[in-house]
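Here is coords.cif, consisting of mmCIF, C-alpha atoms:
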data_query
#
loop_
_atom_site.label_atom_id
_atom_site.label_comp_id
_atom_site.auth_asym_id
_atom_site.auth_seq_id
_atom_site.Cartn_x
_atom_site.Cartn_y
_atom_site.Cartn_z
CA MET A 752 0.00 0.00 0.00
CA ILE A 753 2.91 2.40 0.73
CA GLY A 754 4.53 1.70 -2.64
CA GLU A 755 1.25 2.30 -4.48
CA GLU A 756 0.68 5.64 -2.73
CA HIS A 757 4.25 6.73 -3.54
CA ALA A 758 3.88 5.83 -7.22
CA LEU A 759 0.61 7.72 -7.41
CA THR A 760 2.19 10.82 -5.86
CA VAL A 761 5.11 10.78 -8.29
CA GLU A 762 2.79 10.50 -11.28
CA VAL A 763 0.75 13.48 -10.17
CA ASN A 764 3.89 15.58 -9.62
CA ASN A 765 5.26 14.72 -13.05
CA THR A 766 2.12 15.92 -14.72
CA HIS A 767 2.63 19.37 -13.27
CA GLN A 768 6.17 19.57 -14.67
CA ASN A 769 5.31 18.49 -18.25
CA PRO A 770 2.06 19.93 -19.71
CA ARG A 771 2.38 17.86 -22.91
CA LYS A 772 2.60 14.72 -20.89
CA GLU A 773 -0.41 15.87 -18.88
CA SER A 774 -2.50 16.17 -22.01
CA GLY A 775 -1.49 12.67 -23.03
CA LEU A 776 -2.52 11.26 -19.67
CA LYS A 777 -5.82 13.10 -19.86
CA SER A 778 -6.56 11.56 -23.26
CA GLU A 779 -5.58 8.16 -21.84
CA ARG A 780 -8.04 8.59 -19.00
CA ILE A 781 -10.76 9.66 -21.43
CA ILE A 782 -10.24 6.52 -23.52
CA LYS A 783 -10.40 4.34 -20.41
CA GLU A 784 -13.55 5.96 -19.01
CA GLU A 785 -15.50 6.26 -22.26
CA LEU A 786 -15.47 2.66 -23.45
CA PRO A 787 -17.68 2.15 -26.51
CA SER A 788 -20.95 0.24 -26.23
CA PRO A 789 -21.01 -3.24 -27.81
CA ARG A 790 -22.84 -2.00 -30.89
CA ALA A 791 -20.97 1.29 -31.22
CA ARG A 792 -17.85 1.73 -33.35
CA PRO A 793 -14.51 2.05 -31.53
CA PRO A 794 -13.21 5.62 -31.17
CA LEU A 795 -10.87 6.98 -33.84
CA PRO A 796 -7.30 7.85 -32.79
CA PRO A 797 -6.45 11.58 -32.48
CA ASN A 798 -5.16 13.44 -35.58
CA ASN A 799 -1.93 14.62 -33.96
CA LYS A 800 -0.13 11.28 -33.66
CA ALA A 801 3.16 12.93 -32.81
CA GLU A 802 1.74 14.39 -29.64
CA GLN A 803 0.01 11.15 -28.66
CA PRO A 804 2.15 9.21 -26.15
CA LEU A 805 3.18 5.69 -26.90
CA LYS A 806 1.43 4.42 -23.80
CA SER A 807 -1.85 6.01 -24.88
CA SER A 808 -1.73 4.40 -28.34
CA MET A 809 -1.07 0.98 -26.79
CA HIS A 810 -4.09 1.35 -24.50
CA SER A 811 -6.22 2.54 -27.40
CA SER A 812 -5.44 -0.54 -29.51
CA SER A 813 -6.03 -2.91 -26.60
CA ASN A 814 -9.36 -1.22 -25.81
CA SER A 815 -10.52 -1.53 -29.40
CA THR A 816 -9.64 -5.25 -29.40
CA THR A 817 -11.46 -5.70 -26.12
CA SER A 818 -14.51 -3.88 -27.46
CA LYS A 819 -14.59 -6.13 -30.55
CA ARG A 820 -14.44 -9.22 -28.36
CA ALA A 821 -17.15 -7.81 -26.12
CA THR A 822 -19.28 -7.06 -29.18
CA ARG A 823 -18.94 -10.62 -30.47
CA MET A 824 -19.69 -12.11 -27.04
CA THR A 825 -22.68 -9.79 -26.61
CA ASN A 826 -24.09 -10.75 -30.01
CA ARG A 827 -23.72 -14.45 -29.15
CA THR A 828 -25.37 -13.93 -25.79
CA LEU A 829 -28.21 -12.00 -27.38
CA SER A 830 -28.76 -14.71 -29.98
CA VAL A 831 -28.84 -17.48 -27.37
CA SER A 832 -31.10 -15.54 -25.03
CA SER A 833 -33.44 -14.63 -27.89
CA ALA A 834 -33.65 -18.29 -28.89
CA ASP A 835 -34.39 -19.30 -25.32
CA SER A 836 -37.04 -16.64 -24.99
CA LEU A 837 -38.56 -17.76 -28.28
CA THR A 838 -38.69 -21.38 -27.11
CA SER A 839 -40.13 -20.43 -23.75
CA SER A 840 -42.72 -18.22 -25.43
CA PHE A 841 -43.88 -21.15 -27.56
CA SER A 842 -44.07 -23.43 -24.51
CA ASP A 843 -45.95 -20.76 -22.59
CA LEU A 844 -48.30 -20.43 -25.53
CA ASP A 845 -48.99 -24.17 -25.49
CA ASP A 846 -49.66 -24.08 -21.76
CA GLU A 847 -52.00 -21.14 -22.23
CA GLN A 848 -53.85 -23.01 -24.95
CA ASP A 849 -54.19 -26.06 -22.68
CA ASP A 850 -55.43 -23.93 -19.81
CA SER A 851 -57.78 -21.83 -21.94
CA CYS A 852 -59.71 -24.93 -23.02
CA THR A 853 -60.72 -27.21 -20.18
CA VAL A 854 -60.45 -30.96 -20.54
CA ARG A 855 -64.23 -31.47 -20.53
CA ASN A 856 -64.74 -28.92 -23.32
CA ARG A 857 -61.96 -30.30 -25.49
CA VAL A 858 -62.97 -32.79 -28.20
CA GLN A 859 -60.35 -35.49 -28.77
CA ILE A 860 -60.37 -38.60 -30.97
CA ASN A 861 -58.12 -41.63 -30.69
CA SER A 862 -56.50 -43.41 -33.62
CA SER A 863 -59.62 -45.51 -34.34
CA GLY A 864 -62.08 -42.57 -34.22
CA PHE A 865 -63.36 -43.25 -30.68
CA SER A 866 -64.22 -40.11 -28.69
CA ASP A 867 -66.20 -41.27 -25.62
CA PHE A 868 -63.53 -40.32 -23.10
CA CYS A 869 -62.24 -37.32 -21.19
CA VAL A 870 -58.45 -37.19 -20.79
CA ARG A 871 -55.94 -34.40 -20.80
CA LYS A 872 -53.87 -35.50 -23.81
CA ILE A 873 -54.62 -38.57 -25.87
CA SER A 874 -51.11 -38.29 -27.32
CA ARG A 875 -49.75 -39.65 -24.02
CA ALA A 876 -51.31 -43.05 -24.70
CA GLU A 877 -48.07 -44.73 -25.79
CA PHE A 878 -46.30 -43.81 -22.58
CA GLY A 879 -49.27 -44.99 -20.52
CA ARG A 880 -49.33 -48.29 -22.37
CA ARG A 881 -45.75 -48.99 -21.31
CA GLU A 882 -46.70 -48.35 -17.68
CA ILE A 883 -49.63 -50.76 -17.97
CA GLU A 884 -47.33 -53.43 -19.41
CA ILE A 885 -45.02 -53.03 -16.42
CA ALA A 886 -48.00 -53.35 -14.07
CA GLU A 887 -49.06 -56.56 -15.84
CA GLN A 888 -45.75 -58.14 -14.87
CA GLU A 889 -46.70 -57.60 -11.22
CA MET A 890 -50.20 -59.06 -11.71
CA PRO A 891 -49.66 -62.53 -13.22
CA GLY A 892 -52.98 -63.87 -11.88
CA MET A 893 -54.96 -61.24 -13.75
CA VAL A 894 -53.03 -61.85 -16.96
CA ALA A 895 -53.53 -65.62 -16.65
CA LEU A 896 -57.27 -65.15 -16.12
CA LYS A 897 -57.47 -62.97 -19.21
CA LYS A 898 -55.72 -65.56 -21.38
CA ARG A 899 -57.71 -68.50 -20.05
CA ALA A 900 -61.25 -67.09 -20.25
CA GLN A 901 -61.08 -64.56 -23.07
CA GLY A 902 -62.67 -67.00 -25.49
CA GLU A 903 -65.58 -67.89 -23.20
CA LYS A 904 -66.62 -64.29 -22.44
CA PRO A 905 -68.17 -65.09 -19.03
CA LEU A 906 -69.02 -61.41 -18.38
CA ALA A 907 -70.81 -60.80 -21.67
CA SER A 908 -74.01 -59.55 -19.97
CA ALA A 909 -72.26 -57.38 -17.37
CA LYS A 910 -72.49 -53.59 -17.56
CA ILE A 911 -70.06 -52.36 -14.95
CA LEU A 912 -69.77 -48.80 -13.67
CA ALA A 913 -66.28 -48.53 -12.17
CA CYS A 914 -65.25 -45.68 -9.89
CA THR A 915 -61.66 -46.24 -8.76
CA HIS A 916 -58.24 -44.63 -8.85
CA VAL A 917 -56.96 -44.19 -12.40
CA THR A 918 -53.69 -46.09 -12.05
CA ALA A 919 -51.85 -48.70 -14.07
CA GLN A 920 -53.01 -51.49 -11.77
CA SER A 921 -56.65 -50.41 -12.11
CA ALA A 922 -56.18 -50.30 -15.87
CA VAL A 923 -55.09 -53.95 -15.87
CA LEU A 924 -58.28 -54.84 -13.98
CA ILE A 925 -60.53 -52.80 -16.28
CA GLU A 926 -58.99 -54.21 -19.45
CA THR A 927 -59.34 -57.74 -18.04
CA LEU A 928 -63.07 -57.16 -17.45
CA VAL A 929 -63.45 -55.89 -21.01
CA THR A 930 -61.54 -58.86 -22.39
CA LEU A 931 -63.88 -61.20 -20.50
CA GLY A 932 -66.87 -59.59 -22.22
CA ALA A 933 -68.01 -56.86 -19.84
CA SER A 934 -69.13 -53.41 -20.92
CA VAL A 935 -67.37 -50.87 -18.70
CA ARG A 936 -67.51 -47.15 -18.05
CA TRP A 937 -64.68 -45.96 -15.84
CA CYS A 938 -64.57 -42.76 -13.81
CA ALA A 939 -62.02 -41.48 -11.31
CA CYS A 940 -62.74 -41.49 -7.58
CA ASN A 941 -59.88 -39.06 -6.84
CA VAL A 942 -58.50 -36.42 -9.19
CA PHE A 943 -55.20 -36.27 -7.31
CA SER A 944 -54.44 -39.95 -7.95
CA THR A 945 -55.43 -39.82 -11.63
CA GLN A 946 -52.56 -40.68 -13.98
CA ASN A 947 -53.25 -38.87 -17.24
CA GLU A 948 -51.09 -41.12 -19.38
CA ILE A 949 -52.88 -44.22 -18.05
CA ALA A 950 -56.26 -42.70 -18.84
CA ALA A 951 -55.04 -41.88 -22.35
CA ALA A 952 -53.83 -45.46 -22.89
CA VAL A 953 -57.19 -46.90 -21.78
CA ALA A 954 -59.05 -44.42 -24.00
CA GLU A 955 -56.85 -45.48 -26.91
CA ASN A 956 -58.16 -49.00 -26.29
CA ASN A 957 -61.74 -47.73 -26.93
CA ILE A 958 -62.81 -47.90 -23.28
CA PRO A 959 -64.87 -44.97 -21.91
CA VAL A 960 -62.68 -43.47 -19.20
CA CYS A 961 -63.05 -40.45 -16.91
CA VAL A 962 -66.67 -40.02 -17.96
CA ASN A 963 -69.90 -40.10 -16.00
CA GLY A 964 -72.46 -42.87 -16.33
CA GLU A 965 -75.63 -40.83 -15.98
CA ASN A 966 -76.79 -41.59 -19.54
CA TRP A 967 -75.93 -45.27 -19.20
CA THR A 968 -77.68 -47.95 -17.15
CA PRO A 969 -75.28 -50.32 -15.37
CA ASN A 970 -76.14 -53.55 -13.60
CA CYS A 971 -72.97 -53.77 -11.47
CA ILE A 972 -70.82 -51.26 -9.59
CA LEU A 973 -67.11 -51.57 -8.93
CA ASP A 974 -66.54 -48.91 -6.30
CA ASP A 975 -63.68 -47.48 -4.25
CA GLY A 976 -64.94 -45.21 -1.48
CA GLY A 977 -68.66 -45.66 -2.07
CA ASP A 978 -68.97 -42.61 -4.33
CA ALA A 979 -70.71 -44.34 -7.24
CA SER A 980 -73.00 -46.34 -4.95
CA HIS A 981 -73.97 -43.27 -2.94
CA LEU A 982 -74.60 -41.19 -6.07
CA MET A 983 -76.81 -43.81 -7.68
CA LEU A 984 -78.75 -44.38 -4.47
CA LYS A 985 -79.32 -40.65 -4.07
CA LYS A 986 -80.19 -39.73 -7.67
CA TYR A 987 -81.51 -42.98 -9.13
CA PRO A 988 -82.94 -45.11 -6.30
CA GLN A 989 -85.04 -47.23 -8.70
CA LEU A 990 -81.99 -48.16 -10.75
CA PHE A 991 -80.02 -48.83 -7.59
CA ASP A 992 -82.48 -51.52 -6.50
CA LYS A 993 -82.16 -53.24 -9.89
CA LEU A 994 -78.39 -53.70 -9.63
CA LYS A 995 -77.09 -57.25 -9.54
CA GLY A 996 -74.39 -56.38 -7.05
CA ILE A 997 -71.73 -53.99 -5.68
CA VAL A 998 -68.05 -54.67 -5.20
CA GLU A 999 -66.50 -52.31 -2.61
CA GLU A 1000 -62.81 -52.24 -1.81
CA SER A 1001 -62.31 -49.42 0.70
CA VAL A 1002 -62.89 -48.98 4.41
CA THR A 1003 -65.08 -45.92 3.85
CA GLY A 1004 -67.21 -47.60 1.22
CA VAL A 1005 -67.71 -50.73 3.31
CA HIS A 1006 -68.70 -48.56 6.28
CA ARG A 1007 -71.33 -46.83 4.14
CA LEU A 1008 -72.71 -50.18 2.98
CA TYR A 1009 -72.97 -51.39 6.57
CA GLN A 1010 -74.89 -48.24 7.43
CA LEU A 1011 -77.28 -48.85 4.53
CA SER A 1012 -77.71 -52.46 5.59
CA LYS A 1013 -78.59 -51.49 9.17
CA ALA A 1014 -81.06 -48.90 7.88
CA GLY A 1015 -82.71 -51.50 5.64
CA ARG A 1016 -81.85 -49.66 2.43
CA LEU A 1017 -79.36 -52.15 0.98
CA ASN A 1018 -81.53 -54.55 -1.03
CA ILE A 1019 -78.84 -55.89 -3.36
CA PRO A 1020 -75.79 -58.13 -2.80
CA ALA A 1021 -72.52 -56.42 -1.88
CA ILE A 1022 -69.03 -57.94 -1.77
CA ASN A 1023 -66.67 -56.65 0.90
CA VAL A 1024 -63.25 -56.84 -0.74
CA ASN A 1025 -61.69 -54.67 1.95
CA ASP A 1026 -61.74 -57.42 4.57
CA SER A 1027 -60.04 -60.04 2.40
CA VAL A 1028 -56.65 -61.12 3.73
CA THR A 1029 -54.63 -60.33 0.62
CA LYS A 1030 -56.23 -56.92 0.14
CA ALA A 1031 -55.70 -55.97 3.78
CA LYS A 1032 -52.07 -57.08 3.69
CA PHE A 1033 -51.26 -55.19 0.52
CA ASP A 1034 -53.11 -51.99 1.42
CA ASN A 1035 -52.09 -51.77 5.05
CA LEU A 1036 -48.74 -53.51 5.37
CA TYR A 1037 -46.95 -53.72 2.04
CA CYS A 1038 -48.18 -50.49 0.47
CA ALA A 1039 -47.60 -48.53 3.68
CA ARG A 1040 -44.05 -49.85 3.77
CA GLU A 1041 -43.50 -48.66 0.21
CA SER A 1042 -45.27 -45.30 0.36
CA ILE A 1043 -44.15 -43.95 3.76
CA ILE A 1044 -40.60 -43.30 2.60
CA ASP A 1045 -41.73 -41.58 -0.59
CA SER A 1046 -44.14 -39.31 1.27
CA LEU A 1047 -41.61 -38.41 3.97
CA LYS A 1048 -38.87 -37.68 1.45
CA ARG A 1049 -41.17 -35.43 -0.55
CA THR A 1050 -42.36 -33.48 2.48
CA THR A 1051 -39.15 -33.19 4.54
CA ASP A 1052 -36.27 -33.79 2.10
CA ILE A 1053 -33.98 -35.00 4.89
CA MET A 1054 -31.94 -38.09 5.65
CA PHE A 1055 -33.50 -40.54 8.07
CA GLY A 1056 -30.40 -42.45 9.10
CA GLY A 1057 -29.88 -41.95 12.85
CA LYS A 1058 -33.14 -40.05 13.33
CA GLN A 1059 -35.19 -40.79 16.46
CA VAL A 1060 -38.68 -41.79 15.28
CA VAL A 1061 -41.76 -42.81 17.26
CA VAL A 1062 -44.43 -44.88 15.52
CA CYS A 1063 -47.73 -44.84 17.39
CA GLY A 1064 -49.49 -48.12 16.86
CA TYR A 1065 -48.08 -51.45 15.70
CA GLY A 1066 -50.93 -52.80 13.63
CA GLU A 1067 -50.63 -53.66 9.95
CA VAL A 1068 -49.81 -50.07 8.95
CA GLY A 1069 -47.50 -49.54 11.92
CA LYS A 1070 -45.56 -52.69 11.08
CA GLY A 1071 -44.94 -51.52 7.52
CA VAL A 1072 -43.92 -48.01 8.60
CA ALA A 1073 -41.57 -49.27 11.32
CA GLN A 1074 -39.91 -51.76 8.98
CA ALA A 1075 -39.31 -49.12 6.31
CA LEU A 1076 -37.79 -46.60 8.74
CA LYS A 1077 -35.65 -49.26 10.39
CA ALA A 1078 -34.26 -50.22 6.97
CA LEU A 1079 -33.11 -46.61 6.46
CA GLY A 1080 -31.18 -46.66 9.74
CA SER A 1081 -33.62 -44.75 11.91
CA VAL A 1082 -33.92 -45.47 15.63
CA VAL A 1083 -37.56 -46.52 15.90
CA PHE A 1084 -39.66 -46.54 19.07
CA ILE A 1085 -43.14 -48.06 19.28
CA THR A 1086 -46.09 -46.98 21.40
CA GLU A 1087 -48.91 -49.47 21.67
CA ILE A 1088 -51.85 -50.04 24.05
CA ASP A 1089 -52.66 -53.54 22.82
CA PRO A 1090 -50.50 -56.07 24.69
CA ILE A 1091 -50.33 -58.53 21.78
CA CYS A 1092 -49.19 -55.86 19.32
CA ALA A 1093 -46.73 -54.52 21.89
CA LEU A 1094 -45.32 -58.04 22.28
CA GLN A 1095 -44.97 -58.36 18.50
CA ALA A 1096 -43.07 -55.07 18.35
CA CYS A 1097 -40.73 -56.18 21.11
CA MET A 1098 -40.06 -59.52 19.43
CA ASP A 1099 -39.40 -57.74 16.12
CA GLY A 1100 -36.57 -55.77 17.74
CA PHE A 1101 -38.29 -52.47 18.52
CA LYS A 1102 -38.29 -50.71 21.88
CA VAL A 1103 -41.80 -50.24 23.24
CA VAL A 1104 -42.09 -46.98 25.18
CA LYS A 1105 -44.61 -44.47 26.45
CA LEU A 1106 -44.93 -41.37 24.32
CA ASN A 1107 -44.38 -38.92 27.19
CA GLU A 1108 -41.03 -40.59 27.93
CA VAL A 1109 -39.46 -39.84 24.53
CA ILE A 1110 -41.48 -36.95 23.12
CA LYS A 1111 -38.75 -34.42 24.05
CA VAL A 1112 -35.90 -36.23 22.32
CA ILE A 1113 -37.44 -37.59 19.13
CA ASP A 1114 -37.11 -36.07 15.65
CA LEU A 1115 -40.28 -37.42 14.08
CA LEU A 1116 -43.64 -38.74 15.27
CA ILE A 1117 -45.81 -40.90 13.02
CA THR A 1118 -49.24 -42.02 14.17
CA CYS A 1119 -50.75 -45.14 12.61
CA THR A 1120 -53.83 -45.14 14.84
CA GLY A 1121 -55.95 -42.41 13.28
CA GLU A 1122 -55.94 -40.49 16.57
CA PHE A 1123 -53.52 -37.71 15.70
CA HIS A 1124 -54.84 -35.50 18.52
CA ARG A 1125 -53.44 -37.82 21.18
CA SER A 1126 -49.81 -36.68 20.89
CA GLU A 1127 -49.81 -35.56 24.54
CA GLY A 1128 -49.12 -39.11 25.66
CA GLN A 1129 -52.53 -39.97 27.10
CA GLY A 1130 -53.11 -43.69 26.87
CA TYR A 1131 -49.71 -44.50 25.37
#

What is this file in structure tokens?
Amino acid sequence: MIGEEHALTVEVNNTHQNPRKESGLKSERIIKEELPSPRARPPLPPNNKAEQPLKSSMHSSSNSTTSKRATRMTNRTLSVSSADSLTSSFSDLDDEQDDSCTVRNRVQINSSGFSDFCVRKISRAEFGRREIEIAEQEMPGMVALKKRAQGEKPLASAKILACTHVTAQSAVLIETLVTLGASVRWCACNVFSTQNEIAAAVAENNIPVCVNGENWTPNCILDDGGDASHLMLKKYPQLFDKLKGIVEESVTGVHRLYQLSKAGRLNIPAINVNDSVTKAKFDNLYCARESIIDSLKRTTDIMFGGKQVVVCGYGEVGKGVAQALKALGSVVFITEIDPICALQACMDGFKVVKLNEVIKVIDLLITCTGEFHRSEGQGY
């Protein structure tokens, strides 16, 4: 810092002794301060070259070279940015067109001219078909049934109104029913679980999907949640009594059917799929074990190795959740009021505790009991 201040002082003093040199330094400072814009031409050198110092001419040539490079780089940057903005404008335009016309108001036709469906983009059918083929590999029983009975058409007289989640696994079921001769109209029971590419693939197979069945008279209902059964009972009670049967696969839907049965309003057969052993195991144990990690990762985005976790309840869902967290390296505690379930947790290697004993030191609390208001430790 001392050397720099000394050099600066000497330069200023020299300018006072030599006026010609002072003018040269002034022109040098002007060239440095007034750099040309990228699109402007570089400044011309002064006419009196004899009076221009050598140092000034060197700086002038270097500045002109720098300005040319800056101009080329700026032009490249402008071209790239303009291309990006053009691409983004086209994508924004497509999104605006999709949003301006709702799915229900948009008329789409598949490759065979079929239009009795309501999906977001029928062009996604190929991708959805690949997902359905992967799901078929996990459902060999359904595929075997389709191959064995497709020639007999045992469901030729069935007109099934299906209201389930629009997933690849449901698509395998629906296409199996159609292959066995049934006439099916399929609507979604939950918009948040609807897979648009799966719906497009089913629509490409000429199956009415994501449509209502109000202008169609079914004789069977395949329901998930009791929505279709409740709607038909409320709006079309005469048609409801003529149904041949209802197949319900959810806890909520089965509960509604039991209420109707106690009230004397259920006059048709109903199959409770929810209480079957395989369905209960897959929904409560295996699926919970698969989905808990995905949901926690999406919501917290943290590592679970070494985390202190309390799982309230060691039923079917609690077993799946505890096993999944233990596999990630979490320290899992179990709270349970049922002595048999508590014994199972202990024999599976988990420490059974009371919630008020560990609530201050844990990182995460997961309740598998449905009583999420009981985090104060009462009864655990």

Q: Quick one: residues within 12 Å of (-79.2, -43.7, -8.6) (file frame), counting all atoms listed in the file, please, as a PyMOL selection string.
A: chain A and resi 912+964-970+972+978-994

Q.
I want to know what sits within 9 Å of Thr1120 in chain A, based on all atoms listed in the file, with residues of the same chain fewer than 3 positions away left out; could you give that as a ChimeraX atom specification?
A. /A:1063-1066,1068-1069,1123

Q: Take the PyMOL selection byres ((chain A and resi 1095) around 12), apply it to the structure above, and return the hits as JSON, numbers by chain.
A: {"A": [1064, 1065, 1066, 1067, 1069, 1070, 1085, 1086, 1087, 1089, 1090, 1091, 1092, 1093, 1094, 1096, 1097, 1098, 1099, 1100, 1101, 1102, 1103]}

Q) Taking into account only C-alpha atoms, which residue in the set A:Val1112, A:Thr918, A:Asn956, A:Gln946 is nearest to Thr930 in chain A? A)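 Among the listed residues, A:Asn956 lies closest to Thr930 in chain A.
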
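The shortest atom-to-atom distance to Val917 in chain A, with only C-alpha atoms taken into account, belongs to A:Cys940 out of A:Val929, A:Cys940, A:Val1028, A:Val1002.
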
Q: Enumerate, as a PyMOL selection string, the residues matched when the PyMOL selection byres ((chain A and resi 1007-1010) around 12) is run on the file above.
A: chain A and resi 974-981+984+996-1006+1011-1023+1025

Q) Between CA of Leu1116 in chain A and CA of Val1061 in chain A, what is the distance, to one decimal in Å? A)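 Between CA of Leu1116 in chain A and CA of Val1061 in chain A the gap is 4.9 Å.
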
Q.
Applying the PyMOL selection byres ((chain A and resi 927) around 8) to the file I just gave you, which residues come out? Please list them as a ChimeraX atom specification.
A. /A:893-894,896-897,923-926,928-931

Q: Considering all atoms listed in the file, return as an NGL selection string whatever protein or nucleic-acid residues lie within 6 Å of Gly879 in chain A, sequence-local ones (same chain, fewer than 6 positions apart) excluded.
A: :A and (948-949 or 952)

Q) Taking only C-alpha atoms into account, which of A:Ala1039, A:Ile1113, A:Ala1073, A:Gly892 comes nearest Gly1057 in chain A? A) A:Ile1113

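Picture a line from CA of Val1083 in chain A to CA of Ile1117 in chain A; it runs 10.4 Å.
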
Q: Calculate how many Å separate CA of Ser862 in chain A from CA of Ala951 in chain A, rounding to one decimal.
A: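 Spanning CA of Ser862 in chain A to CA of Ala951 in chain A is a straight-line distance of 11.5 Å.
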
Near-Lys1058 in chain A list (7 Å; all atoms listed in the file; drop same-chain fewer than 6 positions) as a PDB file with C-alpha atoms, keeping the file's coordinate frame:
ATOM      1  CA  SER A1081     -33.620 -44.750  11.910  1.00  0.00           C
ATOM      2  CA  VAL A1082     -33.920 -45.470  15.630  1.00  0.00           C
ATOM      3  CA  ASP A1114     -37.110 -36.070  15.650  1.00  0.00           C
TER       4      ASP A1114
END
